[in-house]
Amino acid sequence: MIRTRLTSQYGLRAPFVSAGMGFLSLPPLAAAVSNAGGLGMLAPGPAPPPVLRQVIRATRQLTAQPFGVDFIIETTALGPLTVEEHIEVAVEEGVPVAVFFWNCPPDPWIRKLKDAGSKVWLQTSSVDGARKAVDAGIDAIVCQGSEAGGHNRGTTGLFTLVRAITEVVAVPVIAAGGIADGFGVAAALALGAEGVWVGTRLLASTEAHAHEEYKRRVVAAREGEIARTSIFGREWPDAPMRVIRNRVVAEWSGRDSRTPPPAEPPDFIGKTMIGGQEYPMPKFSAILPSPETTGDFEEMCLAAGESAALVHEIKPAARILEEMMSEAEQIISGRLAAMVLDTGAAGT
Ligand SMILES: Cc1cc2nc3c(=O)[nH]c(=O)nc-3n(C[C@H](O)[C@H](O)[C@H](O)COP(=O)(O)O)c2cc1C
């Protein structure tokens, strides 16, 4: 077993957190990770507060273990993705961990959550962002390297960023980006992280609420087939993302630093369901394909990180966690320890 401050402070059996992945991280995935000894994360996307309450309660039906809720702080074409009422729901429902992404939440929200006994984290890709968040009372930093899947405005790779952030903050740092096997876990811990935050590997899990064709493309993606682009932004414009290269990404390569303007009349690429309502997907929609989605996958936003190259099979989330953690243990206590001994022996 690998122990860090994350496992001891949060009562976990593994320093493993499932990444918040909008629309895809629903109760089955979060509960599977929490039941396997990690910390499962819910990310119900732009769900209104009553839906958030249902999602939290549904998770409690599936696990008695702690879990978290991921909130995005940004005003998009859909309005602000997180409002005061979401925080009130989290407080009333006693969510153990609230994680904020993109921007730091207002101070009163941090205080409200902490007064209610929740731990509050921030996912950031900058040293300055991490420092300011800790000054505002944030309990842990999720450090998002530039290789990470999904929305990502970071320009620094995880190796440098984890070191740079652990140099300036005293709270636990959790590494995010490119971690899809035990080698990645061992490397993140060696760099000073006290846990890993895993997205793309769990996107290809049985429980992720993603369309089977999307999962198949994650498994099929090779190194070099992940692009960084801002074209997908009809709902959240001009935000850089890491995605799997498909026809629309290739067509707009070199002209992809902004979301293209909407066509007149609007061009639709498929349809999906959001919050129980049918949603026609406009071209350049950022909505990720779920099992309810139909349409042209060559036009859709298939968010995934560089670590897709390391994903070879769709598996249950618990197996992914167990295999990654036991591989990390073997690497740390076997391969790396043997290297140190060998070096010693060579010198005698
Ligand atoms: C499909 C997908 C959706 C994502 N959606 C969110 C989100 O809603 N909120 C969030 O905080 N991060 C989101 N992210 C970013 C992750 O939190 C995390 O930074 C990333 O998955 C880590 O890198 P990895 O994909 O290589 O594991 C998403 C990532 C992916 C792959």
# chains A, B, ... in the order shown; residues from 1 in each chain; ligands from 1
>>> select_by_dssp(residues="range 260-314 of chain A", states="helix (DSSP H, G or I)", output="ChimeraX atom specification")
/A:306-310
>>> write_last_selection(atoms="C-alpha atoms", output="tab-separated table (two decimals), in the first residue's frame")
chain	number	residue	atom	x	y	z
A	306	GLU	CA	-1.81	12.55	-24.45
A	307	SER	CA	-2.07	9.51	-22.19
A	308	ALA	CA	-4.64	8.03	-24.62
A	309	ALA	CA	-1.54	6.52	-26.26
A	310	LEU	CA	-1.14	4.36	-23.12
>>> select_by_dssp(residues="range 151-284 of chain A", states="strand (DSSP E or B)", output="VMD selection string")
chain A and resid 151 173 to 176 195 to 198 205 226 to 229 241 to 244 268 to 274 277 to 282
>>> closest_atom_pairs(of="range 237-321 of chain A", to="range 11-18 of chain A", cutoff="12 Å", atoms="only C-alpha atoms", output="Markdown table")
| residue | atom | partner | partner_atom | distance |
| --- | --- | --- | --- | --- |
| A:Ala317 | CA | A:Ser18 | CA | 9.3 |
| A:Ala318 | CA | A:Ser18 | CA | 10.9 |
| A:Ile320 | CA | A:Phe16 | CA | 10.6 |
| A:Leu321 | CA | A:Phe16 | CA | 7.4 |
>>> residues_around(residues="range 100-107 of chain A", least_positions_apart="3", cutoff="6 Å", atoms="only C-alpha atoms", output="PyMOL selection string")
chain A and resi 70-73+110+122-123
>>> residues_near_ligand(ligand="ligand 1", cutoff="6 Å", atoms="only C-alpha atoms and all ligand atoms", output="PyMOL selection string")
chain A and resi 19-22+43+45+70+101+144+148-151+176-179+198-200+303-307
>>> write_last_selection(atoms="N, CA and C atoms", output="PDB file, in the first residue's frame")
ATOM      1  N   ALA A  19     -10.513  11.989 -12.126  1.00  0.00           N
ATOM      2  CA  ALA A  19     -10.661  13.384 -12.568  1.00  0.00           C
ATOM      3  C   ALA A  19     -12.133  13.708 -12.757  1.00  0.00           C
ATOM      4  N   GLY A  20     -12.479  14.960 -12.468  1.00  0.00           N
ATOM      5  CA  GLY A  20     -13.804  15.424 -12.862  1.00  0.00           C
ATOM      6  C   GLY A  20     -13.812  15.533 -14.374  1.00  0.00           C
ATOM      7  N   MET A  21     -14.727  14.805 -15.027  1.00  0.00           N
ATOM      8  CA  MET A  21     -14.863  14.903 -16.499  1.00  0.00           C
ATOM      9  C   MET A  21     -16.324  15.221 -16.778  1.00  0.00           C
ATOM     10  N   GLY A  22     -16.560  16.469 -17.236  1.00  0.00           N
ATOM     11  CA  GLY A  22     -17.917  16.976 -17.406  1.00  0.00           C
ATOM     12  C   GLY A  22     -18.802  16.037 -18.190  1.00  0.00           C
ATOM     13  N   ALA A  43     -18.758  15.026 -11.859  1.00  0.00           N
ATOM     14  CA  ALA A  43     -18.675  16.270 -12.654  1.00  0.00           C
ATOM     15  C   ALA A  43     -19.929  16.331 -13.520  1.00  0.00           C
ATOM     16  N   GLY A  45     -21.285  18.566 -15.037  1.00  0.00           N
ATOM     17  CA  GLY A  45     -21.305  19.600 -16.078  1.00  0.00           C
ATOM     18  C   GLY A  45     -22.205  20.755 -15.684  1.00  0.00           C
ATOM     19  N   ASP A  70     -16.845  18.170  -8.661  1.00  0.00           N
ATOM     20  CA  ASP A  70     -16.012  19.095  -9.428  1.00  0.00           C
ATOM     21  C   ASP A  70     -16.880  20.247  -9.951  1.00  0.00           C
ATOM     22  N   PHE A 101     -12.296  24.340 -10.735  1.00  0.00           N
ATOM     23  CA  PHE A 101     -11.443  24.286 -11.919  1.00  0.00           C
ATOM     24  C   PHE A 101     -11.626  25.550 -12.741  1.00  0.00           C
ATOM     25  N   GLN A 144      -2.418  20.628 -12.960  1.00  0.00           N
ATOM     26  CA  GLN A 144      -2.764  20.136 -14.311  1.00  0.00           C
ATOM     27  C   GLN A 144      -1.647  20.444 -15.302  1.00  0.00           C
ATOM     28  N   ALA A 148      -2.523  17.169 -20.136  1.00  0.00           N
ATOM     29  CA  ALA A 148      -3.817  16.671 -19.641  1.00  0.00           C
ATOM     30  C   ALA A 148      -4.929  16.831 -20.673  1.00  0.00           C
ATOM     31  N   GLY A 149      -5.890  15.906 -20.628  1.00  0.00           N
ATOM     32  CA  GLY A 149      -7.031  15.941 -21.538  1.00  0.00           C
ATOM     33  C   GLY A 149      -8.078  16.955 -21.111  1.00  0.00           C
ATOM     34  N   GLY A 150      -8.964  17.305 -22.048  1.00  0.00           N
ATOM     35  CA  GLY A 150     -10.058  18.219 -21.747  1.00  0.00           C
ATOM     36  C   GLY A 150      -9.603  19.664 -21.767  1.00  0.00           C
ATOM     37  N   HIS A 151     -10.375  20.536 -21.134  1.00  0.00           N
ATOM     38  CA  HIS A 151     -10.005  21.955 -21.094  1.00  0.00           C
ATOM     39  C   HIS A 151      -8.680  22.102 -20.365  1.00  0.00           C
ATOM     40  N   ALA A 176      -1.952  15.796 -12.241  1.00  0.00           N
ATOM     41  CA  ALA A 176      -2.940  15.504 -13.288  1.00  0.00           C
ATOM     42  C   ALA A 176      -2.322  15.709 -14.656  1.00  0.00           C
ATOM     43  N   GLY A 177      -2.490  14.718 -15.518  1.00  0.00           N
ATOM     44  CA  GLY A 177      -2.036  14.875 -16.898  1.00  0.00           C
ATOM     45  C   GLY A 177      -1.056  13.796 -17.288  1.00  0.00           C
ATOM     46  N   GLY A 178      -1.482  12.928 -18.185  1.00  0.00           N
ATOM     47  CA  GLY A 178      -0.569  11.926 -18.737  1.00  0.00           C
ATOM     48  C   GLY A 178      -0.380  10.699 -17.865  1.00  0.00           C
ATOM     49  N   ILE A 179      -1.166  10.570 -16.785  1.00  0.00           N
ATOM     50  CA  ILE A 179      -0.958   9.442 -15.869  1.00  0.00           C
ATOM     51  C   ILE A 179      -1.997   8.364 -16.180  1.00  0.00           C
ATOM     52  N   VAL A 198      -6.739  11.143 -12.306  1.00  0.00           N
ATOM     53  CA  VAL A 198      -6.673  10.378 -13.558  1.00  0.00           C
ATOM     54  C   VAL A 198      -7.937  10.589 -14.383  1.00  0.00           C
ATOM     55  N   GLY A 199      -7.772  11.107 -15.609  1.00  0.00           N
ATOM     56  CA  GLY A 199      -8.921  11.359 -16.469  1.00  0.00           C
ATOM     57  C   GLY A 199      -9.006  10.382 -17.629  1.00  0.00           C
ATOM     58  N   THR A 200      -8.155  10.569 -18.631  1.00  0.00           N
ATOM     59  CA  THR A 200      -8.262   9.813 -19.883  1.00  0.00           C
ATOM     60  C   THR A 200      -8.303   8.297 -19.656  1.00  0.00           C
ATOM     61  N   ALA A 303     -12.732  14.943 -26.238  1.00  0.00           N
ATOM     62  CA  ALA A 303     -11.686  15.373 -25.299  1.00  0.00           C
ATOM     63  C   ALA A 303     -10.916  14.164 -24.777  1.00  0.00           C
ATOM     64  N   ALA A 304      -9.608  14.260 -24.800  1.00  0.00           N
ATOM     65  CA  ALA A 304      -8.732  13.212 -24.242  1.00  0.00           C
ATOM     66  C   ALA A 304      -7.320  13.776 -24.182  1.00  0.00           C
ATOM     67  N   GLY A 305      -6.519  13.214 -23.285  1.00  0.00           N
ATOM     68  CA  GLY A 305      -5.155  13.700 -23.111  1.00  0.00           C
ATOM     69  C   GLY A 305      -4.145  12.844 -23.850  1.00  0.00           C
ATOM     70  N   GLU A 306      -2.885  13.283 -23.761  1.00  0.00           N
ATOM     71  CA  GLU A 306      -1.808  12.552 -24.447  1.00  0.00           C
ATOM     72  C   GLU A 306      -1.711  11.111 -23.974  1.00  0.00           C
ATOM     73  N   SER A 307      -2.173  10.865 -22.734  1.00  0.00           N
ATOM     74  CA  SER A 307      -2.069   9.510 -22.185  1.00  0.00           C
ATOM     75  C   SER A 307      -2.990   8.523 -22.889  1.00  0.00           C
TER      76      SER A 307
END
>>> closest_atom_pairs(of="range 193-261 of chain A", to="range 273-285 of chain A", cutoff="10 Å", atoms="only C-alpha atoms", output="tab-separated table")
residue	atom	partner	partner_atom	distance
A:Ser230	CA	A:Phe284	CA	9.3
A:Ile231	CA	A:Phe284	CA	6.1
A:Phe232	CA	A:Phe284	CA	4.4
A:Gly233	CA	A:Ser285	CA	5.8
A:Arg234	CA	A:Ser285	CA	4.9
A:Glu235	CA	A:Ser285	CA	6.4
A:Trp236	CA	A:Ser285	CA	8.6
A:Pro237	CA	A:Phe284	CA	9.4
A:Val248	CA	A:Phe284	CA	8.6
A:Val249	CA	A:Phe284	CA	9.8
A:Thr259	CA	A:Phe284	CA	7.4
A:Pro260	CA	A:Phe284	CA	7.7
A:Pro261	CA	A:Phe284	CA	9.3
>>> atom_distance(atom1="CA of Leu81 in chain A", atom2="CA of Pro46 in chain A")
5.4 Å
>>> residues_around(residues="range 57-63 of chain A", least_positions_apart="2", cutoff="7 Å", atoms="only C-alpha atoms", output="ChimeraX atom specification")
/A:27,31,35,53-55,65
>>> atom_distance(atom1="CA of Ala116 in chain A", atom2="CA of Val97 in chain A")
10.9 Å
>>> residues_around(residues="Val142 in chain A", least_positions_apart="5", cutoff="9 Å", atoms="only C-alpha atoms", output="list in words")
Val99, Trp121, Leu122, Gln123, Thr124, Ser125, Ala130, Pro172, Val173, Ile174, Ala175, Ala176, Gly195, Val196 and Trp197 of chain A
>>> write_last_selection(atoms="N, CA, C and O atoms", output="PDB file, in the first residue's frame")
ATOM      1  N   VAL A  99     -14.059  20.416  -5.574  1.00  0.00           N
ATOM      2  CA  VAL A  99     -12.888  20.784  -6.372  1.00  0.00           C
ATOM      3  C   VAL A  99     -13.307  21.823  -7.393  1.00  0.00           C
ATOM      4  O   VAL A  99     -14.306  21.637  -8.095  1.00  0.00           O
ATOM      5  N   TRP A 121     -10.556  21.996  -2.892  1.00  0.00           N
ATOM      6  CA  TRP A 121      -9.353  21.896  -3.720  1.00  0.00           C
ATOM      7  C   TRP A 121      -9.502  22.806  -4.939  1.00  0.00           C
ATOM      8  O   TRP A 121     -10.609  23.173  -5.313  1.00  0.00           O
ATOM      9  N   LEU A 122      -8.364  23.104  -5.561  1.00  0.00           N
ATOM     10  CA  LEU A 122      -8.375  23.825  -6.841  1.00  0.00           C
ATOM     11  C   LEU A 122      -7.495  23.073  -7.834  1.00  0.00           C
ATOM     12  O   LEU A 122      -6.380  22.674  -7.490  1.00  0.00           O
ATOM     13  N   GLN A 123      -8.011  22.884  -9.054  1.00  0.00           N
ATOM     14  CA  GLN A 123      -7.167  22.368 -10.146  1.00  0.00           C
ATOM     15  C   GLN A 123      -6.637  23.568 -10.925  1.00  0.00           C
ATOM     16  O   GLN A 123      -7.413  24.382 -11.411  1.00  0.00           O
ATOM     17  N   THR A 124      -5.325  23.674 -11.014  1.00  0.00           N
ATOM     18  CA  THR A 124      -4.710  24.816 -11.695  1.00  0.00           C
ATOM     19  C   THR A 124      -3.502  24.359 -12.501  1.00  0.00           C
ATOM     20  O   THR A 124      -2.906  23.304 -12.217  1.00  0.00           O
ATOM     21  N   SER A 125      -3.117  25.189 -13.481  1.00  0.00           N
ATOM     22  CA  SER A 125      -1.921  24.859 -14.258  1.00  0.00           C
ATOM     23  C   SER A 125      -0.877  25.955 -14.105  1.00  0.00           C
ATOM     24  O   SER A 125       0.004  26.097 -14.943  1.00  0.00           O
ATOM     25  N   ALA A 130      -1.720  28.457  -7.863  1.00  0.00           N
ATOM     26  CA  ALA A 130      -1.643  27.554  -6.710  1.00  0.00           C
ATOM     27  C   ALA A 130      -1.337  28.354  -5.442  1.00  0.00           C
ATOM     28  O   ALA A 130      -1.966  28.169  -4.394  1.00  0.00           O
ATOM     29  N   PRO A 172      -1.073  19.272   0.247  1.00  0.00           N
ATOM     30  CA  PRO A 172      -0.839  18.182  -0.715  1.00  0.00           C
ATOM     31  C   PRO A 172      -1.076  18.631  -2.153  1.00  0.00           C
ATOM     32  O   PRO A 172      -2.010  19.385  -2.432  1.00  0.00           O
ATOM     33  N   VAL A 173      -0.208  18.171  -3.045  1.00  0.00           N
ATOM     34  CA  VAL A 173      -0.337  18.439  -4.486  1.00  0.00           C
ATOM     35  C   VAL A 173      -0.672  17.111  -5.167  1.00  0.00           C
ATOM     36  O   VAL A 173      -0.057  16.080  -4.880  1.00  0.00           O
ATOM     37  N   ILE A 174      -1.656  17.160  -6.034  1.00  0.00           N
ATOM     38  CA  ILE A 174      -2.119  15.952  -6.731  1.00  0.00           C
ATOM     39  C   ILE A 174      -1.829  16.163  -8.216  1.00  0.00           C
ATOM     40  O   ILE A 174      -2.220  17.192  -8.782  1.00  0.00           O
ATOM     41  N   ALA A 175      -1.162  15.201  -8.831  1.00  0.00           N
ATOM     42  CA  ALA A 175      -0.686  15.393 -10.206  1.00  0.00           C
ATOM     43  C   ALA A 175      -1.739  14.968 -11.214  1.00  0.00           C
ATOM     44  O   ALA A 175      -2.329  13.878 -11.088  1.00  0.00           O
ATOM     45  N   ALA A 176      -1.952  15.796 -12.241  1.00  0.00           N
ATOM     46  CA  ALA A 176      -2.940  15.504 -13.288  1.00  0.00           C
ATOM     47  C   ALA A 176      -2.322  15.709 -14.656  1.00  0.00           C
ATOM     48  O   ALA A 176      -1.709  16.746 -14.918  1.00  0.00           O
ATOM     49  N   GLY A 195      -0.610  12.384  -4.678  1.00  0.00           N
ATOM     50  CA  GLY A 195      -1.705  11.624  -5.260  1.00  0.00           C
ATOM     51  C   GLY A 195      -1.746  11.872  -6.744  1.00  0.00           C
ATOM     52  O   GLY A 195      -1.038  12.745  -7.261  1.00  0.00           O
ATOM     53  N   VAL A 196      -2.575  11.068  -7.428  1.00  0.00           N
ATOM     54  CA  VAL A 196      -2.753  11.257  -8.875  1.00  0.00           C
ATOM     55  C   VAL A 196      -4.226  11.486  -9.171  1.00  0.00           C
ATOM     56  O   VAL A 196      -5.111  10.988  -8.468  1.00  0.00           O
ATOM     57  N   TRP A 197      -4.476  12.260 -10.221  1.00  0.00           N
ATOM     58  CA  TRP A 197      -5.828  12.648 -10.658  1.00  0.00           C
ATOM     59  C   TRP A 197      -5.921  12.148 -12.096  1.00  0.00           C
ATOM     60  O   TRP A 197      -5.207  12.646 -12.967  1.00  0.00           O
TER      61      TRP A 197
END
>>> closest_residue(among="A:Val127, A:Ala170, A:Leu39, A:Leu202", to="Ile314 in chain A", atoms="only C-alpha atoms")
A:Leu202
>>> atom_distance(atom1="CA of Ser34 in chain A", atom2="CA of Phe159 in chain A")
26.8 Å
